[in-house]
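As provided, input-v8.cif (mmCIF, C-alpha atoms) reads as follows.
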data_final
loop_
_atom_site.label_atom_id
_atom_site.label_comp_id
_atom_site.auth_asym_id
_atom_site.auth_seq_id
_atom_site.Cartn_x
_atom_site.Cartn_y
_atom_site.Cartn_z
CA MET A 1 23.15 118.30 104.45
CA GLU A 2 19.43 118.03 105.02
CA GLY A 3 19.49 114.46 103.81
CA ASN A 4 22.18 113.62 106.35
CA VAL A 5 20.06 115.03 109.19
CA ARG A 6 17.05 112.97 108.19
CA LYS A 7 19.27 109.91 107.97
CA GLN A 8 20.51 110.50 111.51
CA GLU A 9 16.94 110.95 112.82
CA LYS A 10 15.89 107.63 111.36
CA LEU A 11 18.84 105.90 112.89
CA SER A 12 18.68 107.63 116.27
CA LEU A 13 17.37 104.50 117.93
CA LEU A 14 20.36 102.57 116.61
CA PRO A 15 23.45 104.37 117.81
CA GLY A 16 25.57 101.28 117.35
CA LEU A 17 24.67 101.18 113.69
CA ILE A 18 25.62 104.82 113.27
CA ILE A 19 29.04 104.03 114.72
CA ILE A 20 29.45 101.10 112.34
CA ILE A 21 28.53 103.19 109.31
CA ALA A 22 30.84 106.00 110.35
CA PHE A 23 33.61 103.46 110.88
CA SER A 24 32.99 101.93 107.44
CA SER A 25 33.01 105.36 105.81
CA ALA A 26 36.32 106.13 107.47
CA ILE A 27 37.82 103.04 105.88
CA VAL A 28 36.75 104.14 102.41
CA ILE A 29 37.16 107.89 102.72
CA GLY A 30 40.17 107.99 105.06
CA LEU A 31 43.79 107.32 104.35
CA LEU A 32 44.67 104.66 101.74
CA PRO A 33 46.19 101.38 102.92
CA ALA A 34 49.98 101.57 102.86
CA ASP A 35 50.32 98.95 100.09
CA ALA A 36 47.75 100.70 97.87
CA THR A 37 50.01 103.67 97.11
CA ALA A 38 52.39 101.40 95.24
CA HIS A 39 49.66 100.81 92.64
CA LEU A 40 48.59 104.43 92.32
CA ASP A 41 49.33 106.50 89.24
CA ASP A 42 51.68 109.32 90.21
CA ASN A 43 49.05 111.98 89.56
CA LEU A 44 46.64 110.31 92.03
CA ILE A 45 48.92 110.23 95.05
CA GLY A 46 47.22 112.21 97.84
CA VAL A 47 43.81 112.16 96.11
CA PRO A 48 41.04 110.68 98.32
CA PRO A 49 38.98 107.77 96.96
CA SER A 50 35.26 107.92 96.16
CA GLU A 51 32.81 107.98 99.06
CA ILE A 52 31.00 104.81 100.06
CA SER A 53 27.74 106.12 98.62
CA GLU A 54 29.31 106.33 95.17
CA TRP A 55 30.69 102.79 95.42
CA ASN A 56 27.21 101.64 96.43
CA TYR A 57 25.74 103.51 93.47
CA TYR A 58 27.85 101.38 91.10
CA GLY A 59 26.93 98.19 92.92
CA ILE A 60 30.29 97.77 94.64
CA SER A 61 30.19 96.93 98.31
CA ALA A 62 32.39 98.51 100.95
CA GLU A 63 34.37 95.29 101.26
CA GLU A 64 34.89 94.97 97.50
CA SER A 65 35.78 98.66 97.20
CA LYS A 66 38.78 98.03 99.47
CA LYS A 67 40.18 95.60 96.85
CA TRP A 68 39.85 98.16 94.07
CA ILE A 69 41.43 100.88 96.17
CA GLU A 70 44.30 98.56 97.13
CA GLU A 71 44.97 98.03 93.41
CA GLY A 72 45.23 101.80 92.84
CA ILE A 73 41.79 102.21 91.27
CA ILE A 74 40.33 104.66 93.78
CA PHE A 75 37.27 105.95 91.94
CA ALA A 76 34.03 104.00 91.87
CA ALA A 77 33.14 104.99 88.28
CA TRP A 78 36.61 103.97 87.10
CA ALA A 79 36.31 100.60 88.86
CA ALA A 80 32.89 100.11 87.23
CA GLN A 81 34.48 100.63 83.79
CA TRP A 82 37.08 97.95 84.47
CA LYS A 83 34.39 95.58 85.77
CA GLY A 84 32.38 96.25 82.63
CA GLU A 85 35.33 95.14 80.50
CA GLY A 86 35.56 91.87 82.42
CA PHE A 87 38.33 92.68 84.90
CA SER A 88 38.53 91.78 88.56
CA ALA A 89 40.18 94.24 90.90
CA GLU A 90 43.34 92.15 90.90
CA SER A 91 43.61 91.85 87.09
CA ALA A 92 42.77 95.54 86.62
CA GLY A 93 45.59 96.38 89.02
CA ARG A 94 48.04 94.61 86.71
CA TRP A 95 46.72 96.38 83.61
CA HIS A 96 45.88 99.94 84.54
CA LYS A 97 49.45 101.28 84.33
CA ILE A 98 49.94 99.60 80.95
CA ALA A 99 46.88 100.76 79.03
CA ASN A 100 43.55 102.49 79.39
CA VAL A 101 40.56 100.37 80.33
CA TYR A 102 39.21 99.88 76.82
CA THR A 103 42.57 99.03 75.20
CA ALA A 104 43.27 96.62 78.07
CA GLY A 105 39.80 95.12 77.61
CA ASP A 106 40.47 94.58 73.91
CA PHE A 107 43.68 92.69 74.70
CA LEU A 108 41.99 90.70 77.47
CA LYS A 109 39.14 89.61 75.17
CA ASN A 110 41.70 88.45 72.61
CA GLY A 111 43.51 86.27 75.13
CA PHE A 112 46.51 88.41 76.11
CA GLY A 113 47.87 88.91 79.62
CA PRO A 114 49.27 92.26 80.76
CA GLU A 115 52.93 91.50 79.95
CA GLU A 116 52.00 90.16 76.53
CA GLY A 117 49.91 93.25 75.91
CA ARG A 118 52.79 95.46 76.97
CA GLU A 119 55.09 93.74 74.47
CA TRP A 120 52.67 94.17 71.56
CA MET A 121 51.99 97.79 72.42
CA SER A 122 55.72 98.52 72.61
CA GLN A 123 55.84 97.50 68.94
CA GLY A 124 53.18 100.05 68.06
CA ILE A 125 50.28 97.60 67.91
CA ARG A 126 47.69 98.89 70.38
CA SER A 127 44.79 96.74 69.26
CA GLY A 128 44.29 93.35 70.85
CA LEU A 129 42.32 92.20 67.81
CA ARG A 130 45.10 93.23 65.43
CA ALA A 131 47.71 91.56 67.65
CA ARG A 132 45.67 88.35 67.62
CA GLU A 133 45.46 88.48 63.80
CA TYR A 134 49.24 88.85 63.50
CA LEU A 135 49.81 86.10 66.04
CA SER A 136 47.44 83.80 64.12
CA SER A 137 49.53 84.52 61.01
CA GLY A 138 52.58 83.10 62.79
CA LEU A 139 54.26 86.40 63.70
CA ASP A 140 55.53 87.33 67.13
CA ALA A 141 55.25 90.87 68.46
CA ARG A 142 58.67 92.00 67.19
CA GLU A 143 58.16 90.71 63.65
CA ALA A 144 54.58 91.95 63.55
CA GLY A 145 55.74 95.39 64.65
CA THR A 146 58.10 95.56 61.67
CA PHE A 147 55.30 94.69 59.26
CA TRP A 148 52.88 97.07 61.00
CA LYS A 149 55.25 100.05 60.74
CA LYS A 150 55.58 99.39 57.01
CA GLY A 151 51.81 99.28 56.55
CA LEU A 152 51.51 95.53 55.95
CA TYR A 153 48.39 94.14 57.53
CA PRO A 154 48.16 90.59 58.86
CA GLU A 155 46.90 88.94 55.68
CA GLU A 156 49.70 90.38 53.52
CA ALA A 157 52.26 89.69 56.24
CA LYS A 158 51.02 86.10 56.37
CA GLU A 159 51.49 85.81 52.60
CA TRP A 160 55.15 86.85 52.88
CA ARG A 161 55.68 84.59 55.87
CA ASN A 162 54.16 81.62 54.08
CA ALA A 163 56.45 82.28 51.12
CA GLY A 164 59.44 81.88 53.44
CA PHE A 165 60.32 85.52 54.12
CA ASN A 166 60.83 86.74 57.66
CA ALA A 167 60.34 90.42 58.48
CA GLU A 168 63.96 91.36 57.70
CA ALA A 169 63.95 89.56 54.35
CA MET A 170 60.56 91.03 53.47
CA LEU A 171 61.86 94.56 53.95
CA LYS A 172 64.83 93.86 51.65
CA TRP A 173 62.68 92.39 48.89
CA ARG A 174 59.53 94.51 49.10
CA TYR A 175 61.15 97.94 48.91
CA GLY A 176 63.46 99.04 46.13
CA PRO A 177 66.29 101.56 46.51
CA ARG A 178 65.39 105.03 47.72
CA MET A 179 64.87 107.37 44.78
CA SER A 180 67.37 109.97 45.94
CA GLU A 181 68.24 113.33 44.49
CA PHE A 182 71.53 115.16 44.30
CA TYR A 183 74.25 116.07 46.72
CA PHE A 184 73.11 118.01 49.79
CA THR A 185 69.42 117.27 49.21
CA LYS A 186 69.13 114.40 51.68
CA GLY A 187 66.23 116.12 53.44
CA SER A 188 64.15 116.20 50.27
CA SER A 189 61.22 113.88 49.73
CA TYR A 190 61.85 110.58 48.00
CA SER A 191 59.98 107.54 46.78
CA GLN A 192 60.60 103.80 46.64
CA ALA A 193 59.42 101.11 44.28
CA VAL A 194 57.32 98.46 46.04
CA TYR A 195 57.43 94.81 44.91
CA ASP A 196 54.98 92.04 45.68
CA VAL A 197 55.70 88.63 47.14
CA GLY A 198 55.44 86.96 43.71
CA PHE A 199 58.30 89.08 42.37
CA ALA A 200 60.43 88.26 45.41
CA ARG A 201 59.64 84.54 45.25
CA ASN A 202 60.54 84.28 41.54
CA TRP A 203 63.82 86.21 41.71
CA ARG A 204 64.99 84.54 44.90
CA GLY A 205 64.05 81.15 43.48
CA ALA A 206 66.28 81.91 40.48
CA GLY A 207 69.21 82.51 42.82
CA PHE A 208 69.36 86.31 42.89
CA THR A 209 69.58 88.66 45.87
CA ALA A 210 67.07 91.42 46.54
CA GLU A 211 69.58 94.08 45.52
CA GLU A 212 70.34 92.30 42.24
CA ALA A 213 66.64 91.91 41.48
CA HIS A 214 65.94 95.59 42.11
CA LEU A 215 68.93 96.67 39.99
CA ALA A 216 67.83 94.38 37.18
CA ILE A 217 64.47 96.14 37.04
CA THR A 218 66.26 99.51 37.11
CA TYR A 219 68.45 98.43 34.18
CA GLY A 220 65.48 97.01 32.27
CA PHE A 221 66.55 93.35 32.55
CA GLU A 222 63.84 90.73 32.59
CA LEU A 223 64.25 87.69 34.82
CA VAL A 224 64.30 85.33 31.84
CA GLU A 225 67.18 87.25 30.25
CA VAL A 226 69.24 87.57 33.42
CA LYS A 227 68.74 83.89 34.15
CA LYS A 228 70.17 83.00 30.72
CA TRP A 229 73.32 84.95 31.57
CA LYS A 230 73.49 83.21 34.93
CA ASP A 231 73.04 79.79 33.34
CA ALA A 232 75.90 80.63 30.96
CA GLY A 233 78.18 81.18 33.96
CA PHE A 234 78.04 84.95 34.30
CA SER A 235 77.43 86.54 37.69
CA PHE A 236 74.88 89.31 37.84
CA ASN A 237 77.55 92.02 37.91
CA GLU A 238 79.40 90.41 35.00
CA SER A 239 76.25 90.21 32.90
CA VAL A 240 75.56 93.90 33.56
CA LEU A 241 79.12 94.79 32.54
CA TRP A 242 79.02 92.79 29.31
CA LYS A 243 75.60 94.11 28.34
CA ASP A 244 76.64 97.67 29.16
CA SER A 245 79.63 97.19 26.86
CA GLY A 246 77.21 96.38 24.04
CA PHE A 247 77.63 92.60 23.81
CA THR A 248 74.94 89.98 23.35
CA LEU A 249 75.15 86.81 25.44
CA GLU A 250 76.54 84.88 22.48
CA GLU A 251 79.22 87.51 21.82
CA ALA A 252 80.13 87.62 25.49
CA VAL A 253 80.53 83.84 25.63
CA THR A 254 82.79 83.93 22.56
CA SER A 255 84.92 86.80 23.85
CA ARG A 256 85.26 85.27 27.28
CA GLY A 257 86.20 81.97 25.67
CA ALA A 258 89.02 83.85 23.95
CA GLY A 259 90.27 84.93 27.36
CA LEU A 260 88.99 88.51 27.22
CA SER A 261 87.27 90.46 29.95
CA ALA A 262 84.36 92.74 29.08
CA THR A 263 86.65 95.78 29.20
CA GLU A 264 89.29 94.12 27.00
CA ALA A 265 86.69 92.95 24.51
CA GLU A 266 85.17 96.44 24.30
CA LEU A 267 88.61 98.04 23.82
CA ARG A 268 89.49 95.55 21.06
CA GLN A 269 86.18 96.24 19.39
CA TYR A 270 86.83 99.96 19.61
CA GLU A 271 90.38 99.68 18.23
CA ALA A 272 89.05 97.68 15.28
CA SER A 273 86.58 100.41 14.38
CA VAL A 274 87.33 103.32 12.07
CA ARG A 275 88.74 106.25 14.00
CA GLU A 276 89.34 109.69 12.68
CA ASP A 277 90.04 112.26 15.37
CA GLU A 278 91.88 110.80 18.34
CA ILE A 279 92.83 111.57 21.92
CA THR A 280 96.14 109.82 22.42
CA ASP A 281 96.89 110.86 25.96
CA LEU A 282 94.90 112.26 28.83
CA SER A 283 95.74 112.81 32.47
CA ALA A 284 93.68 114.58 35.09
CA ASP A 285 94.31 115.68 38.66
CA ILE A 286 90.82 115.82 40.20
CA THR A 287 90.10 117.20 43.68
CA ILE A 288 86.62 116.52 45.04
CA LYS A 289 85.75 119.18 47.60
CA GLU A 290 83.42 118.73 50.55
CA ASP A 291 80.55 120.55 48.81
CA GLY A 292 80.72 118.17 45.83
CA THR A 293 82.43 120.63 43.47
CA LEU A 294 85.56 119.71 41.55
CA ASP A 295 88.95 121.35 40.97
CA VAL A 296 90.54 119.81 37.87
CA ILE A 297 93.85 120.15 36.08
CA GLU A 298 93.51 118.27 32.81
CA SER A 299 96.23 117.59 30.22
CA ILE A 300 95.24 116.15 26.88
CA THR A 301 96.94 115.34 23.58
CA ILE A 302 94.65 115.28 20.54
CA ILE A 303 95.02 114.50 16.86
CA ASP A 304 92.47 116.43 14.82
CA ARG A 305 92.41 114.71 11.43
CA PRO A 306 90.75 115.95 8.23
CA GLY A 307 87.11 114.97 8.04
CA GLY A 308 87.05 113.97 11.69
CA ASP A 309 84.43 114.57 14.36
CA TYR A 310 85.76 118.00 15.29
CA LYS A 311 84.55 120.04 12.31
CA ASP A 312 85.48 123.38 13.87
CA GLY A 313 88.45 122.27 15.92
CA TYR A 314 88.66 120.46 19.24
CA TYR A 315 86.17 121.52 21.91
CA LYS A 316 85.23 120.36 25.38
CA ALA A 317 81.68 120.13 26.72
CA ALA A 318 81.02 120.89 30.40
CA PRO A 319 81.35 117.73 32.53
CA ALA A 320 78.21 115.60 32.70
CA LEU A 321 76.05 117.17 30.04
CA GLU A 322 73.44 114.68 31.17
CA CYS A 323 74.00 112.94 34.47
CA LYS A 324 71.20 110.66 35.56
CA LEU A 325 70.64 108.52 38.64
CA SER A 326 70.41 104.85 37.75
CA ASN A 327 67.24 104.46 39.83
CA SER A 328 65.52 107.74 39.02
CA ALA A 329 64.08 109.78 36.21
CA ILE A 330 65.90 112.82 37.62
CA THR A 331 68.54 114.27 35.31
CA PHE A 332 71.21 116.74 36.39
CA THR A 333 71.83 118.92 33.35
CA SER A 334 74.88 121.02 32.49
CA PRO A 335 76.77 121.82 35.68
CA ARG A 336 78.77 124.96 35.08
CA LEU A 337 82.44 124.79 34.15
CA TYR A 338 84.61 127.66 35.38
CA VAL A 339 87.89 128.01 33.45
CA LYS A 340 90.91 129.18 35.41
CA SER A 341 93.63 128.87 32.74
CA VAL A 342 94.39 127.30 29.35
CA GLU A 343 97.75 126.35 27.84
CA LEU A 344 97.91 125.38 24.17
CA ASP A 345 101.06 123.70 22.91
CA ASP A 346 102.95 125.01 25.98
CA ARG A 347 101.82 128.63 25.45
CA PRO A 348 98.93 130.62 26.96
CA GLY A 349 95.88 129.59 24.98
CA GLU A 350 92.78 131.34 23.72
CA TYR A 351 89.32 129.99 24.42
CA ALA A 352 85.64 130.87 24.32
CA MET A 353 82.76 129.43 26.37
CA VAL A 354 79.51 129.15 24.39
CA ASP A 355 76.46 127.39 25.83
CA ASP A 356 78.57 125.43 28.33
CA VAL A 357 80.94 124.27 25.58
CA LEU A 358 84.59 125.33 25.74
CA TYR A 359 86.12 126.09 22.33
CA PHE A 360 89.91 126.38 21.91
CA LYS A 361 91.29 128.94 19.50
CA LYS A 362 94.57 129.96 17.93
CA TYR A 363 95.03 133.51 16.71
CA GLY A 364 91.30 134.04 17.08
CA ALA A 365 90.35 131.10 14.82
CA PRO A 366 89.23 127.55 15.66
CA LEU A 367 92.05 125.21 16.57
CA PRO A 368 93.56 123.94 13.30
CA GLU A 369 93.88 120.30 12.38
CA GLY A 370 96.91 118.44 13.59
CA GLU A 371 98.32 117.30 16.93
CA HIS A 372 97.89 119.59 19.94
CA ARG A 373 98.74 119.45 23.63
CA ILE A 374 96.24 121.26 25.88
CA THR A 375 96.51 121.86 29.63
CA LEU A 376 93.32 123.14 31.21
CA ALA A 377 92.58 124.18 34.80
CA TYR A 378 88.94 124.56 35.79
CA SER A 379 86.36 124.05 38.55
CA THR A 380 82.76 122.82 38.36
CA ASP A 381 79.46 122.92 40.17
CA SER A 382 78.63 119.94 42.38
CA THR A 383 78.62 116.68 40.40
CA VAL A 384 78.31 114.17 43.24
CA LEU A 385 75.16 112.06 43.32
CA ASP A 386 73.66 110.68 46.53
CA GLU A 387 72.90 107.11 45.45
CA PRO A 388 71.05 104.64 47.76
CA PHE A 389 74.10 102.48 48.48
CA HIS A 390 76.98 104.84 47.72
CA ASP A 391 77.88 108.35 46.59
CA GLU A 392 78.79 108.63 42.93
CA LEU A 393 80.93 111.14 41.05
CA CYS A 394 79.09 111.94 37.84
CA SER A 395 81.53 113.78 35.58
CA SER A 396 83.14 113.34 32.20
CA LEU A 397 86.56 114.41 30.95
CA SER A 398 85.98 114.09 27.22
CA GLU A 399 83.64 112.59 24.65
CA VAL A 400 86.30 110.59 22.77
CA PHE A 401 89.10 108.84 24.63
CA ALA A 402 91.83 106.39 23.72
CA GLY A 403 94.46 107.11 26.32
CA GLU A 404 94.87 106.55 30.00
CA ILE A 405 93.55 108.55 32.98
CA THR A 406 95.98 108.89 35.88
#

Translate the structure described by the file into structure tokens.
Amino acid sequence: MEGNVRKQEKLSLLPGLIIIIAFSSAIVIGLLPADATAHLDDNLIGVPPSEISEWNYYGISAEESKKWIEEGIIFAAWAAQWKGEGFSAESAGRWHKIANVYTAGDFLKNGFGPEEGREWMSQGIRSGLRAREYLSSGLDAREAGTFWKKGLYPEEAKEWRNAGFNAEAMLKWRYGPRMSEFYFTKGSSYSQAVYDVGFARNWRGAGFTAEEAHLAITYGFELVEVKKWKDAGFSFNESVLWKDSGFTLEEAVTSRGAGLSATEAELRQYEASVREDEITDLSADITIKEDGTLDVIESITIIDRPGGDYKDGYYKAAPALECKLSNSAITFTSPRLYVKSVELDDRPGEYAMVDDVLYFKKYGAPLPEGEHRITLAYSTDSTVLDEPFHDELCSSLSEVFAGEIT
């Protein structure tokens, strides 16, 4: 206050000047111009701008301060920050609702306008330097955002791009199937195999899809081997089926040449082998409940021959003694089997459950050799696997089978 009095004493001989200064101060301190409020941040509406002395302190004249205020930048120190980053009042007005002064300055220095900056920031890239690096690698904001969210920096993204993979294709090839766990554990943590661009280039160049390449690695197939099957006229799925049936490429070619499918060739091979005990008929009514458990009514006809596999009579192990995800080391061991009823040769049957193995008895002794018809009703724990591309029922009806499931 004392300073103001002294100032007035010094200027007492110049009343006109006092009026001019007061008038100028009113422009800066008074109400904002009508068009300035459109540029104001919502939380600044109604807040008075800095006094003229503060604008002067930062080297901004009264006339120039009007421009900053009109652009919604009403504080002298704030305007000085924007000036320090290379902005005029007009350009700062276009930027200040998009980003803070230093982020905006980073984008400005790297050659981006406000709308371009907005687009890059909407993709999660809030560094002008990083945006410039992606752009120099040939990626637009949308593609770069996809790479950025997956943790691929510009140089690696450029490598994939140069190899002919766009962002969508890169995601398919780079990341293997999700290593999932069992039914109703979707919220659990998981992992994914990560493949480099060389892997993707080689497998795609050989004519395989990303899914086929990832499955091949899961099944332990090398590219050279799978390519031989492909060159022999087998699709990827066919080669998996033949190999899973135990055939070499040469055997598969011979069997197919004889008009056999993989299933037919395997069945013929099985029928030609020595069989002792035999299941001649099997039918099962399986109900899969919403919680992944099963209700099963199973009817089976067996022939227990002397010296066969069933040394102590026919028995049944719990479904899926070892059920394993194709893409995981996780094994689901011994889901419980809950017996509801047993009929043996059309009469109520005896049974005993020992270590998750169901043994059938007659008059208290193991089931004797010969032909028997067994009808079994039981339920199980959940045996449904949550695979990456589908849900899978993982359950077995018997260890030896030669009949037909209906």

Quiz item: Near Arg126 of chain A, within 10 Å and counting all atoms listed in the file, which residues show up once chain neighbours fewer than 5 positions away are dropped, as an MDAnalysis selection string?
Solution: chainID A and resid 99 103:104 106:107 117:121 131

Using the chain letters and numbering of this document, enumerate as a JSON list (two decimals) with C-alpha atoms, in the coordinates of the input the residues selected by the PyMOL selection byres ((chain A and resi 363) around 12).
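So expr06.json came out as:
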[["chain", "number", "residue", "atom", "x", "y", "z"],
["A", 344, "LEU", "CA", 97.91, 125.38, 24.17],
["A", 348, "PRO", "CA", 98.93, 130.62, 26.96],
["A", 349, "GLY", "CA", 95.88, 129.59, 24.98],
["A", 350, "GLU", "CA", 92.78, 131.34, 23.72],
["A", 351, "TYR", "CA", 89.32, 129.99, 24.42],
["A", 360, "PHE", "CA", 89.91, 126.38, 21.91],
["A", 361, "LYS", "CA", 91.29, 128.94, 19.50],
["A", 362, "LYS", "CA", 94.57, 129.96, 17.93],
["A", 364, "GLY", "CA", 91.30, 134.04, 17.08],
["A", 365, "ALA", "CA", 90.35, 131.10, 14.82],
["A", 366, "PRO", "CA", 89.23, 127.55, 15.66],
["A", 367, "LEU", "CA", 92.05, 125.21, 16.57],
["A", 368, "PRO", "CA", 93.56, 123.94, 13.30]]

Got a sec to resolve the PyMOL selection byres ((chain A and resi 211) around 9) on this structure and send the residues as an mmCIF file with C-alpha atoms, in the coordinates of the input?
data_model
loop_
_atom_site.group_PDB
_atom_site.id
_atom_site.type_symbol
_atom_site.label_atom_id
_atom_site.label_comp_id
_atom_site.auth_asym_id
_atom_site.auth_seq_id
_atom_site.Cartn_x
_atom_site.Cartn_y
_atom_site.Cartn_z
ATOM 1 C CA LYS A 172 64.830 93.860 51.650
ATOM 2 C CA TRP A 173 62.680 92.390 48.890
ATOM 3 C CA GLY A 176 63.460 99.040 46.130
ATOM 4 C CA PRO A 177 66.290 101.560 46.510
ATOM 5 C CA PHE A 208 69.360 86.310 42.890
ATOM 6 C CA THR A 209 69.580 88.660 45.870
ATOM 7 C CA ALA A 210 67.070 91.420 46.540
ATOM 8 C CA GLU A 212 70.340 92.300 42.240
ATOM 9 C CA ALA A 213 66.640 91.910 41.480
ATOM 10 C CA HIS A 214 65.940 95.590 42.110
ATOM 11 C CA LEU A 215 68.930 96.670 39.990
ATOM 12 C CA ALA A 216 67.830 94.380 37.180
#

Quiz item: Smallest atom-to-atom distance to Glu168 of chain A: which of A:Glu155, A:Lys149, A:Val240, A:Glu143, using only C-alpha atoms?
Solution: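 So, comparing all the options, the nearest one is A:Glu143.
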
Quiz prompt | Distance of atom CA of Asn202 of chain A from atom CA of Trp242 of chain A, expressed in Å to one decimal place | solution =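 Separation of atom CA of Trp242 of chain A and atom CA of Asn202 of chain A: 23.7 Å.
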
Self-check item: Computed interatomic separation between atom CA of Cys394 of chain A and atom CA of Ile286 of chain A (Å)
Solution: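 Taking atom CA of Cys394 of chain A as the start and atom CA of Ile286 of chain A as the end point, the length is 12.6 Å.
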
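Distances from A:Gly105, A:Asp295, A:Leu267, A:Asp140 to Ser255 of chain A were compared using only C-alpha atoms, and the smallest one belongs to A:Leu267.
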
Go ahead and fit an axis-aligned box to every listed atom of segment 211-226 of chain A plus 4 Å each side, and pass me the centre and edge lengths in Å, one decimal, as JSON.
{"center_x": 67.1, "center_y": 92.4, "center_z": 37.9, "size_x": 14.5, "size_y": 22.2, "size_z": 23.3}

Practice problem: Can you pull out every residue within 7 Å of Asn110 of chain A, counting only C-alpha atoms, but drop anything in the same chain fewer than 4 positions away, and send it as a PyMOL selection string? | Solution: chain A and resi 106+128-129+132

Self-check item: Nearest residue to Leu337 of chain A from the set A:Asn56, A:Thr380, A:Gln123, A:Gln269 (distances using only C-alpha atoms)
Solution: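 Answer, going by the shortest atom-to-atom distance: A:Thr380.
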
Quiz prompt | Interatomic distance (Å, one decimal) between atom CA of Ala77 of chain A and atom CA of Ile125 of chain A | solution =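 Atom-to-atom, atom CA of Ala77 of chain A and atom CA of Ile125 of chain A are spaced 27.6 Å apart.
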
Practice problem: In the coordinate frame of the file, compute which residues have an atom within 10 Å of (36.6, 98.8, 83.9) when using only C-alpha atoms, and state them as a count of residues only. | Solution: 22
